[in-house]
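K.L.:
So I've got this file, data.txt, and it contains compact mmCIF, C-alpha atoms and all ligand atoms:
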# COMPACT_ATOMS: atom_id res chain seq x y z
CA MET J 28 -16.47 68.75 -3.97
CA SER J 29 -16.23 65.02 -3.29
CA GLU J 30 -12.75 63.72 -2.48
CA ARG J 31 -13.44 60.19 -3.77
CA LEU J 32 -11.08 59.29 -6.58
CA GLU J 33 -13.85 58.12 -8.90
CA ASP J 34 -15.81 61.35 -8.34
CA ILE J 35 -12.77 63.50 -9.10
CA ALA J 36 -12.11 61.45 -12.26
CA ALA J 37 -15.76 61.81 -13.33
CA ALA J 38 -15.60 65.59 -12.80
CA MET J 39 -12.46 65.76 -14.97
CA VAL J 40 -14.40 64.38 -17.94
CA ALA J 41 -17.78 66.04 -17.20
CA ASP J 42 -19.95 66.52 -20.31
CA GLY J 43 -18.43 69.03 -22.72
CA LYS J 44 -15.49 69.84 -20.42
CA GLY J 45 -11.82 69.00 -20.79
CA LEU J 46 -8.40 69.70 -19.34
CA LEU J 47 -6.05 72.58 -20.00
CA ALA J 48 -2.49 71.20 -20.07
CA ALA J 49 -0.49 74.21 -18.85
CA ASP J 50 2.29 72.11 -17.32
CA GLU J 51 5.11 72.93 -19.74
CA SER J 52 8.45 72.57 -17.98
CA SER J 53 10.59 75.73 -17.81
CA GLY J 54 12.55 74.43 -20.82
CA THR J 55 9.45 73.80 -22.93
CA ILE J 56 7.70 77.09 -22.11
CA LYS J 57 10.93 78.92 -23.05
CA LYS J 58 10.73 77.30 -26.50
CA ARG J 59 7.11 78.48 -26.85
CA PHE J 60 8.02 82.01 -25.69
CA ASP J 61 10.98 82.15 -28.09
CA VAL J 62 8.51 81.74 -30.97
CA ILE J 63 6.50 84.82 -29.85
CA GLY J 64 9.58 86.81 -28.86
CA VAL J 65 8.91 86.87 -25.12
CA GLU J 66 11.65 86.42 -22.53
CA SER J 67 10.86 83.50 -20.20
CA THR J 68 11.05 84.69 -16.60
CA ALA J 69 9.10 83.62 -13.51
CA ASP J 70 6.96 86.76 -13.93
CA SER J 71 6.31 86.36 -17.68
CA ARG J 72 5.36 82.72 -17.17
CA ARG J 73 3.04 83.80 -14.36
CA ASP J 74 1.47 86.62 -16.39
CA TYR J 75 0.85 84.32 -19.34
CA ARG J 76 -0.79 81.58 -17.31
CA GLU J 77 -2.75 84.04 -15.17
CA MET J 78 -4.18 85.45 -18.42
CA MET J 79 -5.73 82.04 -19.24
CA PHE J 80 -6.88 81.20 -15.71
CA ARG J 81 -8.67 84.56 -15.54
CA ALA J 82 -10.62 83.91 -18.76
CA ARG J 83 -13.49 83.22 -16.43
CA GLU J 84 -16.32 82.34 -18.76
CA ALA J 85 -14.24 79.89 -20.81
CA MET J 86 -12.74 78.33 -17.71
CA THR J 87 -16.13 77.94 -16.03
CA ARG J 88 -17.92 76.51 -19.03
CA TYR J 89 -15.33 74.40 -20.79
CA ILE J 90 -12.40 73.55 -18.50
CA SER J 91 -12.71 70.82 -15.86
CA GLY J 92 -9.12 70.98 -14.64
CA VAL J 93 -5.72 72.52 -15.24
CA ILE J 94 -2.42 70.61 -15.24
CA LEU J 95 0.22 72.79 -13.58
CA TYR J 96 4.00 72.70 -13.35
CA ASP J 97 5.77 72.74 -9.97
CA GLU J 98 6.60 76.44 -10.27
CA THR J 99 3.02 77.43 -11.17
CA ILE J 100 1.23 75.55 -8.38
CA ARG J 101 3.25 77.66 -5.91
CA GLN J 102 2.89 80.99 -7.74
CA LYS J 103 0.74 84.00 -6.88
CA ALA J 104 -1.07 86.23 -9.36
CA ALA J 105 0.06 89.84 -9.81
CA ASP J 106 -2.46 90.88 -7.10
CA GLY J 107 -1.18 88.27 -4.63
CA THR J 108 -3.95 85.67 -5.07
CA PRO J 109 -2.54 82.15 -5.40
CA LEU J 110 -3.03 80.91 -8.98
CA VAL J 111 -4.55 77.73 -7.53
CA ASP J 112 -7.31 79.82 -5.92
CA ILE J 113 -8.09 81.56 -9.22
CA ILE J 114 -8.45 78.15 -10.87
CA LYS J 115 -10.64 76.79 -8.07
CA ALA J 116 -12.89 79.86 -8.19
CA THR J 117 -13.87 78.86 -11.76
CA GLY J 118 -14.86 75.37 -10.59
CA ALA J 119 -11.86 73.76 -12.29
CA ILE J 120 -9.66 71.28 -10.43
CA PRO J 121 -5.92 71.98 -10.03
CA GLY J 122 -3.61 69.16 -11.13
CA ILE J 123 0.16 68.70 -11.25
CA LYS J 124 2.76 67.20 -13.56
CA VAL J 125 4.94 64.98 -11.38
CA ASP J 126 7.26 63.17 -13.77
CA ALA J 127 10.82 64.40 -14.20
CA GLY J 128 10.89 63.95 -17.97
CA ALA J 129 11.87 61.29 -20.50
CA LYS J 130 15.58 60.31 -20.44
CA PRO J 131 17.54 58.02 -22.81
CA LEU J 132 16.96 54.35 -21.92
CA ALA J 133 20.38 52.79 -21.30
CA GLY J 134 21.21 50.09 -23.84
CA TYR J 135 18.37 51.06 -26.20
CA PRO J 136 19.39 53.92 -28.50
CA GLY J 137 16.32 55.92 -29.55
CA ASP J 138 14.14 54.75 -26.65
CA THR J 139 13.38 56.78 -23.52
CA ILE J 140 12.29 56.05 -19.98
CA THR J 141 10.40 58.61 -17.92
CA GLU J 142 12.01 59.30 -14.55
CA GLY J 143 10.65 60.71 -11.28
CA LEU J 144 9.59 57.85 -8.98
CA ASP J 145 12.19 58.50 -6.26
CA GLY J 146 10.68 60.65 -3.52
CA LEU J 147 7.33 60.75 -5.31
CA ARG J 148 5.32 59.73 -2.22
CA GLU J 149 6.58 62.80 -0.34
CA ARG J 150 6.10 65.13 -3.31
CA LEU J 151 2.51 63.92 -3.78
CA ALA J 152 1.74 64.66 -0.12
CA ASP J 153 3.09 68.19 -0.64
CA TYR J 154 1.09 68.71 -3.85
CA TYR J 155 -2.08 67.50 -2.12
CA LYS J 156 -1.59 70.21 0.51
CA LEU J 157 -1.10 72.76 -2.27
CA GLY J 158 -4.51 71.77 -3.69
CA ALA J 159 -3.75 69.24 -6.44
CA ARG J 160 -6.37 66.51 -6.78
CA PHE J 161 -4.99 64.89 -9.92
CA ALA J 162 -1.53 64.35 -11.38
CA LYS J 163 0.07 63.59 -14.73
CA TRP J 164 2.95 61.33 -15.76
CA ARG J 165 3.94 61.21 -19.42
CA ALA J 166 5.72 58.22 -20.94
CA VAL J 167 7.13 58.84 -24.41
CA ILE J 168 7.17 56.12 -27.07
CA ASP J 169 8.85 57.17 -30.31
CA ILE J 170 8.46 55.18 -33.54
CA ASP J 171 11.44 54.46 -35.81
CA VAL J 172 10.78 51.04 -37.28
CA ALA J 173 14.12 50.79 -39.10
CA ARG J 174 15.98 51.18 -35.77
CA GLY J 175 13.72 48.78 -33.85
CA VAL J 176 12.22 51.68 -31.85
CA PRO J 177 10.26 51.28 -29.66
CA SER J 178 11.72 48.13 -28.09
CA ALA J 179 9.55 45.83 -25.98
CA THR J 180 11.84 46.77 -23.08
CA SER J 181 10.97 50.45 -23.44
CA ILE J 182 7.24 49.77 -23.62
CA GLY J 183 7.46 47.47 -20.61
CA SER J 184 9.63 49.77 -18.47
CA ASN J 185 7.45 52.80 -19.18
CA ALA J 186 4.23 50.88 -18.43
CA HIS J 187 5.73 49.65 -15.15
CA ALA J 188 6.75 53.18 -14.13
CA LEU J 189 3.26 54.50 -15.00
CA ALA J 190 1.72 51.82 -12.79
CA ARG J 191 4.00 52.56 -9.83
CA TYR J 192 3.21 56.27 -10.22
CA ALA J 193 -0.54 55.60 -10.43
CA ALA J 194 -0.55 53.47 -7.27
CA LEU J 195 1.33 56.17 -5.32
CA CYS J 196 -1.12 58.84 -6.54
CA GLN J 197 -4.14 56.86 -5.38
CA GLU J 198 -2.53 56.25 -1.99
CA ALA J 199 -2.22 60.06 -1.69
CA GLY J 200 -5.86 60.73 -2.67
CA ILE J 201 -4.83 62.02 -6.11
CA VAL J 202 -6.26 60.82 -9.45
CA PRO J 203 -3.47 59.70 -11.79
CA ILE J 204 -3.62 60.71 -15.43
CA VAL J 205 -1.71 57.91 -17.15
CA GLU J 206 -0.19 59.21 -20.36
CA PRO J 207 1.58 56.77 -22.65
CA GLU J 208 2.24 59.07 -25.62
CA VAL J 209 3.08 57.34 -28.88
CA LEU J 210 4.67 60.23 -30.77
CA MET J 211 3.38 61.40 -34.17
CA ASP J 212 6.80 62.78 -35.16
CA GLY J 213 8.01 59.79 -37.23
CA ALA J 214 7.64 58.74 -40.87
CA HIS J 215 5.39 55.76 -40.03
CA ASP J 216 1.95 55.08 -41.51
CA ILE J 217 -1.30 55.05 -39.55
CA GLY J 218 -1.29 51.24 -39.29
CA THR J 219 2.08 51.29 -37.54
CA CYS J 220 0.79 53.89 -35.06
CA TYR J 221 -2.16 51.58 -34.38
CA GLU J 222 0.08 48.54 -33.78
CA ILE J 223 2.54 50.34 -31.48
CA SER J 224 -0.30 52.03 -29.57
CA LYS J 225 -1.97 48.64 -29.15
CA ALA J 226 1.19 47.04 -27.73
CA THR J 227 1.62 50.06 -25.41
CA LEU J 228 -1.94 50.11 -24.04
CA THR J 229 -2.05 46.33 -23.62
CA LYS J 230 1.11 46.44 -21.51
CA LEU J 231 -0.09 49.51 -19.60
CA TYR J 232 -3.32 47.89 -18.39
CA THR J 233 -1.50 44.63 -17.49
CA GLU J 234 0.82 46.69 -15.26
CA LEU J 235 -2.00 48.78 -13.76
CA TYR J 236 -3.85 45.60 -12.73
CA ALA J 237 -0.66 44.14 -11.26
CA ALA J 238 -0.08 47.34 -9.25
CA ARG J 239 -3.66 47.13 -7.82
CA VAL J 240 -4.61 50.49 -9.26
CA VAL J 241 -8.35 51.23 -9.03
CA LEU J 242 -9.25 51.86 -12.67
CA GLU J 243 -12.35 53.95 -11.86
CA GLY J 244 -10.03 56.48 -10.24
CA THR J 245 -7.76 56.91 -13.27
CA ILE J 246 -7.87 58.96 -16.48
CA LEU J 247 -6.13 57.78 -19.65
CA LYS J 248 -4.36 60.47 -21.69
CA PRO J 249 -3.61 58.80 -25.02
CA ASN J 250 -2.52 59.81 -28.49
CA MET J 251 -4.97 59.45 -31.33
CA VAL J 252 -4.15 56.90 -34.05
CA LEU J 253 -2.51 59.03 -36.78
CA ALA J 254 0.04 58.74 -39.57
CA GLY J 255 3.47 60.14 -38.61
CA LYS J 256 4.14 63.77 -39.56
CA LYS J 257 7.14 62.85 -41.70
CA SER J 258 5.12 60.28 -43.69
CA GLY J 259 3.69 63.11 -45.78
CA ASN J 260 0.19 61.73 -45.16
CA SER J 261 -2.44 63.42 -43.08
CA SER J 262 -5.15 61.13 -41.84
CA ARG J 263 -8.83 62.03 -42.40
CA PRO J 264 -10.85 62.54 -39.19
CA GLU J 265 -13.18 59.63 -40.04
CA GLU J 266 -10.22 57.25 -40.35
CA VAL J 267 -8.59 58.58 -37.17
CA ALA J 268 -11.88 58.10 -35.31
CA GLU J 269 -12.50 54.59 -36.61
CA LYS J 270 -8.96 53.33 -35.86
CA THR J 271 -8.70 55.10 -32.48
CA ILE J 272 -11.99 53.65 -31.25
CA LYS J 273 -11.15 50.18 -32.57
CA LEU J 274 -7.85 50.38 -30.65
CA PHE J 275 -9.53 51.45 -27.40
CA ARG J 276 -12.28 48.81 -27.67
CA GLU J 277 -9.55 46.20 -27.90
CA THR J 278 -7.31 47.46 -25.11
CA VAL J 279 -8.93 49.97 -22.69
CA PRO J 280 -11.22 48.70 -19.90
CA ALA J 281 -14.68 50.27 -19.77
CA ALA J 282 -14.18 50.76 -16.02
CA ILE J 283 -11.69 53.65 -16.24
CA GLY J 284 -12.80 57.16 -15.26
CA GLY J 285 -12.44 58.54 -18.77
CA ILE J 286 -10.20 59.44 -21.66
CA ALA J 287 -8.64 62.87 -22.30
CA PHE J 288 -6.49 63.11 -25.43
CA LEU J 289 -3.19 64.93 -25.86
CA SER J 290 -2.86 67.01 -29.04
CA GLY J 291 0.73 65.94 -29.73
CA GLY J 292 1.61 68.37 -32.52
CA GLN J 293 -1.67 68.34 -34.45
CA SER J 294 -2.82 71.76 -35.63
CA ASP J 295 -5.50 73.42 -33.51
CA GLU J 296 -8.26 72.61 -35.95
CA GLU J 297 -7.04 69.07 -36.65
CA ALA J 298 -7.10 68.26 -32.93
CA THR J 299 -10.66 69.59 -32.71
CA ALA J 300 -11.89 67.89 -35.90
CA ASN J 301 -10.45 64.53 -34.86
CA LEU J 302 -11.95 64.69 -31.34
CA ASN J 303 -15.28 65.62 -32.87
CA ALA J 304 -15.17 62.71 -35.33
CA ILE J 305 -14.36 60.32 -32.47
CA ASN J 306 -17.38 61.46 -30.46
CA ALA J 307 -19.65 61.65 -33.51
CA ILE J 308 -19.41 57.85 -33.99
CA GLY J 309 -20.48 57.14 -30.38
CA PRO J 310 -21.92 56.13 -28.03
CA HIS J 311 -18.74 54.75 -26.49
CA PRO J 312 -18.09 52.98 -23.16
CA TRP J 313 -16.02 55.97 -21.94
CA LYS J 314 -16.22 59.76 -22.04
CA LEU J 315 -13.66 61.07 -24.54
CA THR J 316 -12.49 64.66 -24.19
CA PHE J 317 -9.41 66.86 -24.53
CA SER J 318 -6.35 67.48 -22.38
CA TYR J 319 -4.64 69.76 -24.84
CA GLY J 320 -1.51 71.83 -24.39
CA ARG J 321 -0.46 73.19 -27.76
CA ALA J 322 -3.90 72.89 -29.42
CA LEU J 323 -5.45 75.13 -26.73
CA GLN J 324 -2.56 77.54 -26.32
CA ALA J 325 -0.97 78.22 -29.72
CA ALA J 326 -3.61 80.82 -30.63
CA PRO J 327 -3.64 82.69 -27.29
CA GLN J 328 0.17 82.70 -27.17
CA LYS J 329 0.31 84.38 -30.55
CA ALA J 330 -2.39 86.90 -29.65
CA TRP J 331 -0.73 87.72 -26.30
CA GLY J 332 2.87 88.26 -27.42
CA GLY J 333 3.87 89.23 -23.89
CA LYS J 334 1.91 92.52 -23.85
CA ALA J 335 -0.58 93.47 -21.15
CA ALA J 336 -2.54 95.39 -23.79
CA ASN J 337 -3.21 92.09 -25.60
CA VAL J 338 -4.65 90.19 -22.62
CA ALA J 339 -8.28 90.54 -23.71
CA ALA J 340 -7.51 89.41 -27.28
CA ALA J 341 -5.49 86.47 -25.97
CA GLN J 342 -8.32 85.48 -23.62
CA ALA J 343 -10.75 85.63 -26.56
CA ALA J 344 -8.46 83.35 -28.61
CA PHE J 345 -8.24 80.91 -25.70
CA ALA J 346 -12.00 81.01 -25.17
CA HIS J 347 -12.61 80.26 -28.84
CA ARG J 348 -10.40 77.14 -28.85
CA ALA J 349 -11.89 75.97 -25.55
CA HIS J 350 -15.40 76.46 -26.98
CA MET J 351 -14.55 74.55 -30.18
CA ASN J 352 -13.11 71.66 -28.16
CA HIS J 353 -16.13 71.70 -25.84
CA LEU J 354 -18.31 71.15 -28.92
CA ALA J 355 -15.95 68.43 -30.19
CA ALA J 356 -16.17 66.63 -26.84
CA LEU J 357 -19.92 66.48 -27.46
CA GLY J 358 -19.57 65.55 -31.17
CA LYS J 359 -21.30 68.81 -32.12
CA TRP J 360 -18.48 70.78 -33.77
CA GLN J 361 -18.72 72.01 -37.39
CA PRO J 362 -15.86 73.47 -39.48
CA GLU J 363 -18.00 76.54 -40.29
CA LEU J 364 -17.89 77.55 -36.62
CA GLU J 365 -14.15 78.27 -37.00
CA GLN J 366 -14.74 80.92 -39.65
CA ALA J 367 -17.55 82.51 -37.64
CA ALA J 368 -14.95 83.58 -35.06
P1 LIG E 401 0.01 68.65 -26.16
O1 LIG E 401 -1.51 68.72 -26.27
O2 LIG E 401 0.69 69.89 -26.60
O3 LIG E 401 0.52 67.37 -26.78
O4 LIG E 401 0.36 68.57 -24.62
C1 LIG E 401 -0.39 67.77 -23.81
C2 LIG E 401 0.44 67.26 -22.71
O5 LIG E 401 0.18 67.52 -21.56
C3 LIG E 401 1.58 66.39 -23.04
O6 LIG E 401 2.03 65.77 -21.88
With the file now loaded, output its structure as structure tokens.

P.N.:
Amino acid sequence: MSERLEDIAAAMVADGKGLLAADESSGTIKKRFDVIGVESTADSRRDYREMMFRAREAMTRYISGVILYDETIRQKAADGTPLVDIIKATGAIPGIKVDAGAKPLAGYPGDTITEGLDGLRERLADYYKLGARFAKWRAVIDIDVARGVPSATSIGSNAHALARYAALCQEAGIVPIVEPEVLMDGAHDIGTCYEISKATLTKLYTELYAARVVLEGTILKPNMVLAGKKSGNSSRPEEVAEKTIKLFRETVPAAIGGIAFLSGGQSDEEATANLNAINAIGPHPWKLTFSYGRALQAAPQKAWGGKAANVAAAQAAFAHRAHMNHLAALGKWQPELEQAA
């Protein structure tokens, strides 16, 4: 495979393919395992992820790359094969989460700043040797209008950190996924999500230009434009699609390598229906696909439940979601296809 940044980015958003975000930190995966009653150990985390990476047909057809956590990129399968090699054998590209998480932003209650820049150059060199050809850094922008959250300082600091991260990635021959996630957890309406997302993306691209990041060798991982969960409103896919595309046309350069959405707490089917609606109103200047964590993994986690006897059923559940999102990335998904499974 080509090692040029723009070729790696193009492969990450190849037609009908998307990313599997399997980069939950040890704390986050424990929360997911608690729900299914599985103890989180290095071996159970390995077994779970190996189950997905060995779903060969789904991986080969629908998954362009996998975002890994530091522990996983170094782990070996039960038979001793490095997990990275299992991923590569399906044609998917290994990637790595490199941020150290969102921490409270001093002086701005309710805002966070994502940490992890110190020592990043050295860590990227190590991850490159381990096989990673793309990376992810997630900035978190919460919305709480009554408290003045997010502040302009938080948006600016997070955009600046994303740009410094992206420049270091490109220096290391690694494609940066830039993820400025505007959370859907609040009580805000869809218009507020649009406005905050617009301020965030505008600042992000100003900082990426200033940092001399080559846009063709980047992937944007954005939220969709949605009403907050606590607003009691759920947005229709047509409205999500119209507002999300309007936002991107106003703020996202056509030159970037592509767009791969996070699911952010949408239900499995909502995340698929919204991606489908976005692609159905194309053509667009960019490829738009998925980089889902929860919306690809909730169903297989439930089916697996930590039991080796359930591996085939869990792989089937994973393959179904990957297939549905493959169709959505092409704008060819239909709700009836969910029942058929
Ligand atoms: P979700 O799809 O569960 O939001 O996770 C994607 C991700 O990688 C967030 O950083």

K.L.:
At a cut-off of 8 Å around ligand LIG 401 (chain E), and using only C-alpha atoms and all ligand atoms, what residues come up? Please write them as an mmCIF file with C-alpha atoms, in the coordinates of the input.

P.N.:
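The result, written out as pocket25.cif:
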data_model
loop_
_atom_site.group_PDB
_atom_site.id
_atom_site.type_symbol
_atom_site.label_atom_id
_atom_site.label_comp_id
_atom_site.auth_asym_id
_atom_site.auth_seq_id
_atom_site.Cartn_x
_atom_site.Cartn_y
_atom_site.Cartn_z
ATOM 1 C CA ALA J 48 -2.490 71.200 -20.070
ATOM 2 C CA ALA J 49 -0.490 74.210 -18.850
ATOM 3 C CA ASP J 50 2.290 72.110 -17.320
ATOM 4 C CA GLU J 51 5.110 72.930 -19.740
ATOM 5 C CA ILE J 94 -2.420 70.610 -15.240
ATOM 6 C CA LYS J 163 0.070 63.590 -14.730
ATOM 7 C CA TRP J 164 2.950 61.330 -15.760
ATOM 8 C CA ARG J 165 3.940 61.210 -19.420
ATOM 9 C CA GLU J 206 -0.190 59.210 -20.360
ATOM 10 C CA GLU J 208 2.240 59.070 -25.620
ATOM 11 C CA PHE J 288 -6.490 63.110 -25.430
ATOM 12 C CA LEU J 289 -3.190 64.930 -25.860
ATOM 13 C CA SER J 290 -2.860 67.010 -29.040
ATOM 14 C CA GLY J 291 0.730 65.940 -29.730
ATOM 15 C CA GLY J 292 1.610 68.370 -32.520
ATOM 16 C CA SER J 318 -6.350 67.480 -22.380
ATOM 17 C CA TYR J 319 -4.640 69.760 -24.840
ATOM 18 C CA GLY J 320 -1.510 71.830 -24.390
ATOM 19 C CA ARG J 321 -0.460 73.190 -27.760
ATOM 20 C CA ALA J 322 -3.900 72.890 -29.420
ATOM 21 C CA LEU J 323 -5.450 75.130 -26.730
#

K.L.:
Show which residues sit within 12 Å of Thr180 of chain J, as a compact mmCIF listing (two decimals) with C-alpha atoms, in the frame of the given file. Count all atoms listed in the file, and ignore same-chain residues fewer than 6 positions away.

P.N.:
# COMPACT_ATOMS: atom_id res chain seq x y z
CA LEU J 132 16.96 54.35 -21.92
CA ALA J 133 20.38 52.79 -21.30
CA GLY J 134 21.21 50.09 -23.84
CA TYR J 135 18.37 51.06 -26.20
CA PRO J 136 19.39 53.92 -28.50
CA ASP J 138 14.14 54.75 -26.65
CA THR J 139 13.38 56.78 -23.52
CA ILE J 140 12.29 56.05 -19.98
CA ILE J 168 7.17 56.12 -27.07
CA ALA J 186 4.23 50.88 -18.43
CA HIS J 187 5.73 49.65 -15.15
CA ALA J 226 1.19 47.04 -27.73
CA THR J 227 1.62 50.06 -25.41
CA LYS J 230 1.11 46.44 -21.51

K.L.:
Counting only C-alpha atoms, what is within 8 Å of Gly158 of chain J, bar same-chain residues fewer than 2 positions away, as a list in words?

P.N.:
Val111, Pro121, Gly122, Tyr154, Tyr155, Lys156 and Arg160 of chain J

K.L.:
Compare J:Asp145, J:Tyr221, J:Tyr236, J:Glu297 by their minimum atom-to-atom distance to Phe275 of chain J, counting all atoms listed in the file, and give me the closest one.

P.N.:
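With all atoms listed in the file as the atom set, the closest residue is J:Tyr221.
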
K.L.:
Name all residues at most 8 Å from Gln197 of chain J (count only C-alpha atoms; drop same-chain ones fewer than 6 positions away) and give them as an MDAnalysis selection string.

P.N.:
chainID J and resid 32 203 240:241 244

K.L.:
Given the choices J:Ala129, J:Ile120, J:Ala282, J:Ala188, which gets closest to Gly92 of chain J if the distance is worked out from all atoms listed in the file?

P.N.:
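Counting all atoms listed in the file, the residue closest to Gly92 of chain J is J:Ile120.
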
K.L.:
Go through J:Ala116, J:Ile56, J:Ile201, J:Val176 and flag the residue nearest Glu30 of chain J, using all atoms listed in the file for the distances.

P.N.:
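Using all atoms listed in the file, Glu30 of chain J sits closest to J:Ile201.
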
K.L.:
Measure the distance from atom CA of Ile283 of chain J to atom CA of Leu242 of chain J in Å and round it to one decimal.

P.N.:
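Separation of atom CA of Ile283 of chain J and atom CA of Leu242 of chain J: 4.7 Å.
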
K.L.:
Could you tell me which of J:Ala344, J:Ala104, J:Ala355, J:Ile63 comes closest to Thr299 of chain J if we count all atoms listed in the file?

P.N.:
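Of all the options, J:Ala355 lies closest to Thr299 of chain J.
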
K.L.:
Need the shell around Leu189 of chain J: protein/DNA/RNA residues with any atom at most 12 Å away, counting all atoms listed in the file. Skip same-chain ones fewer than 2 positions apart. Format as an MDAnalysis selection string?

P.N.:
chainID J and resid 125:126 140:144 162:167 182:187 191:196 203:208 227:228 230:238 240 245 247:248

K.L.:
Please, what distance in Å, to one decimal, runs between atom CA of Ala127 of chain J and atom CA of Tyr96 of chain J?

P.N.:
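We find that atom CA of Ala127 of chain J and atom CA of Tyr96 of chain J lie 10.8 Å from each other.
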
K.L.:
Rounded to one decimal in Å, what is the spacing between atom CA of Gly255 of chain J and atom CA of His215 of chain J?

P.N.:
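Atom CA of His215 of chain J lies 5.0 Å from atom CA of Gly255 of chain J.
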
K.L.:
Can you tell me which residues surround segment 72-79 of chain J at a distance of at most 9 Å, considering only C-alpha atoms, apart from same-chain residues fewer than 5 positions away, and format the answer as an mmCIF file with C-alpha atoms, in the frame of the given file?

P.N.:
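Written output follows (selection14.cif):
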data_model
loop_
_atom_site.group_PDB
_atom_site.id
_atom_site.type_symbol
_atom_site.label_atom_id
_atom_site.label_comp_id
_atom_site.auth_asym_id
_atom_site.auth_seq_id
_atom_site.Cartn_x
_atom_site.Cartn_y
_atom_site.Cartn_z
ATOM 1 C CA ALA J 49 -0.490 74.210 -18.850
ATOM 2 C CA SER J 53 10.590 75.730 -17.810
ATOM 3 C CA ILE J 56 7.700 77.090 -22.110
ATOM 4 C CA LYS J 57 10.930 78.920 -23.050
ATOM 5 C CA PHE J 60 8.020 82.010 -25.690
ATOM 6 C CA SER J 67 10.860 83.500 -20.200
ATOM 7 C CA ALA J 85 -14.240 79.890 -20.810
ATOM 8 C CA MET J 86 -12.740 78.330 -17.710
ATOM 9 C CA THR J 99 3.020 77.430 -11.170
ATOM 10 C CA GLN J 102 2.890 80.990 -7.740
ATOM 11 C CA LYS J 103 0.740 84.000 -6.880
ATOM 12 C CA ALA J 104 -1.070 86.230 -9.360
ATOM 13 C CA ALA J 105 0.060 89.840 -9.810
ATOM 14 C CA LEU J 110 -3.030 80.910 -8.980
ATOM 15 C CA ILE J 113 -8.090 81.560 -9.220
ATOM 16 C CA GLN J 324 -2.560 77.540 -26.320
ATOM 17 C CA PRO J 327 -3.640 82.690 -27.290
ATOM 18 C CA GLN J 328 0.170 82.700 -27.170
ATOM 19 C CA TRP J 331 -0.730 87.720 -26.300
ATOM 20 C CA GLY J 333 3.870 89.230 -23.890
ATOM 21 C CA ALA J 335 -0.580 93.470 -21.150
ATOM 22 C CA VAL J 338 -4.650 90.190 -22.620
ATOM 23 C CA ALA J 339 -8.280 90.540 -23.710
ATOM 24 C CA ALA J 341 -5.490 86.470 -25.970
ATOM 25 C CA GLN J 342 -8.320 85.480 -23.620
ATOM 26 C CA PHE J 345 -8.240 80.910 -25.700
ATOM 27 C CA ALA J 346 -12.000 81.010 -25.170
#

K.L.:
Please check which residues have atoms at most 7 Å from (-2.7, 58.9, -44.5) in the file's coordinates, counting all atoms listed in the file, and write them as a list of chain:residue names.

P.N.:
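The requested residues, written out, are J:Asp216, J:Ile217, J:Ala254, J:Asn260, J:Ser261, J:Ser262.
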
K.L.:
Rank J:Gly285, J:Arg263, J:Glu198, J:Asp70 by their smallest atom-to-atom distance to Lys314 of chain J, using only C-alpha atoms, and report the top residue only.

P.N.:
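Closest to Lys314 of chain J, using only C-alpha atoms: J:Gly285.
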
K.L.:
Please determine, counting all atoms listed in the file, which residue among J:Arg101, J:Glu84, J:Pro177, J:Asn301 has the shortest atom-to-atom distance to Ala159 of chain J.

P.N.:
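Ranking J:Arg101, J:Glu84, J:Pro177, J:Asn301 by distance to Ala159 of chain J, first place goes to J:Arg101.
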
K.L.:
Counting only C-alpha atoms, which residues have an atom no more than 12 Å from (-17.8, 62.1, -13.1) in the file's coordinates? Please list them as a list in words.

P.N.:
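Selection result: Met28, Ser29, Glu30, Arg31, Leu32, Glu33, Asp34, Ile35, Ala36, Ala37, Ala38, Met39, Val40, Ala41, Asp42, Gly43, Lys44, Gly45, Ser91, Glu243, Gly244, Thr245, Ile246, Ile283, Gly284, Gly285, Ile286, Trp313 and Lys314 of chain J.
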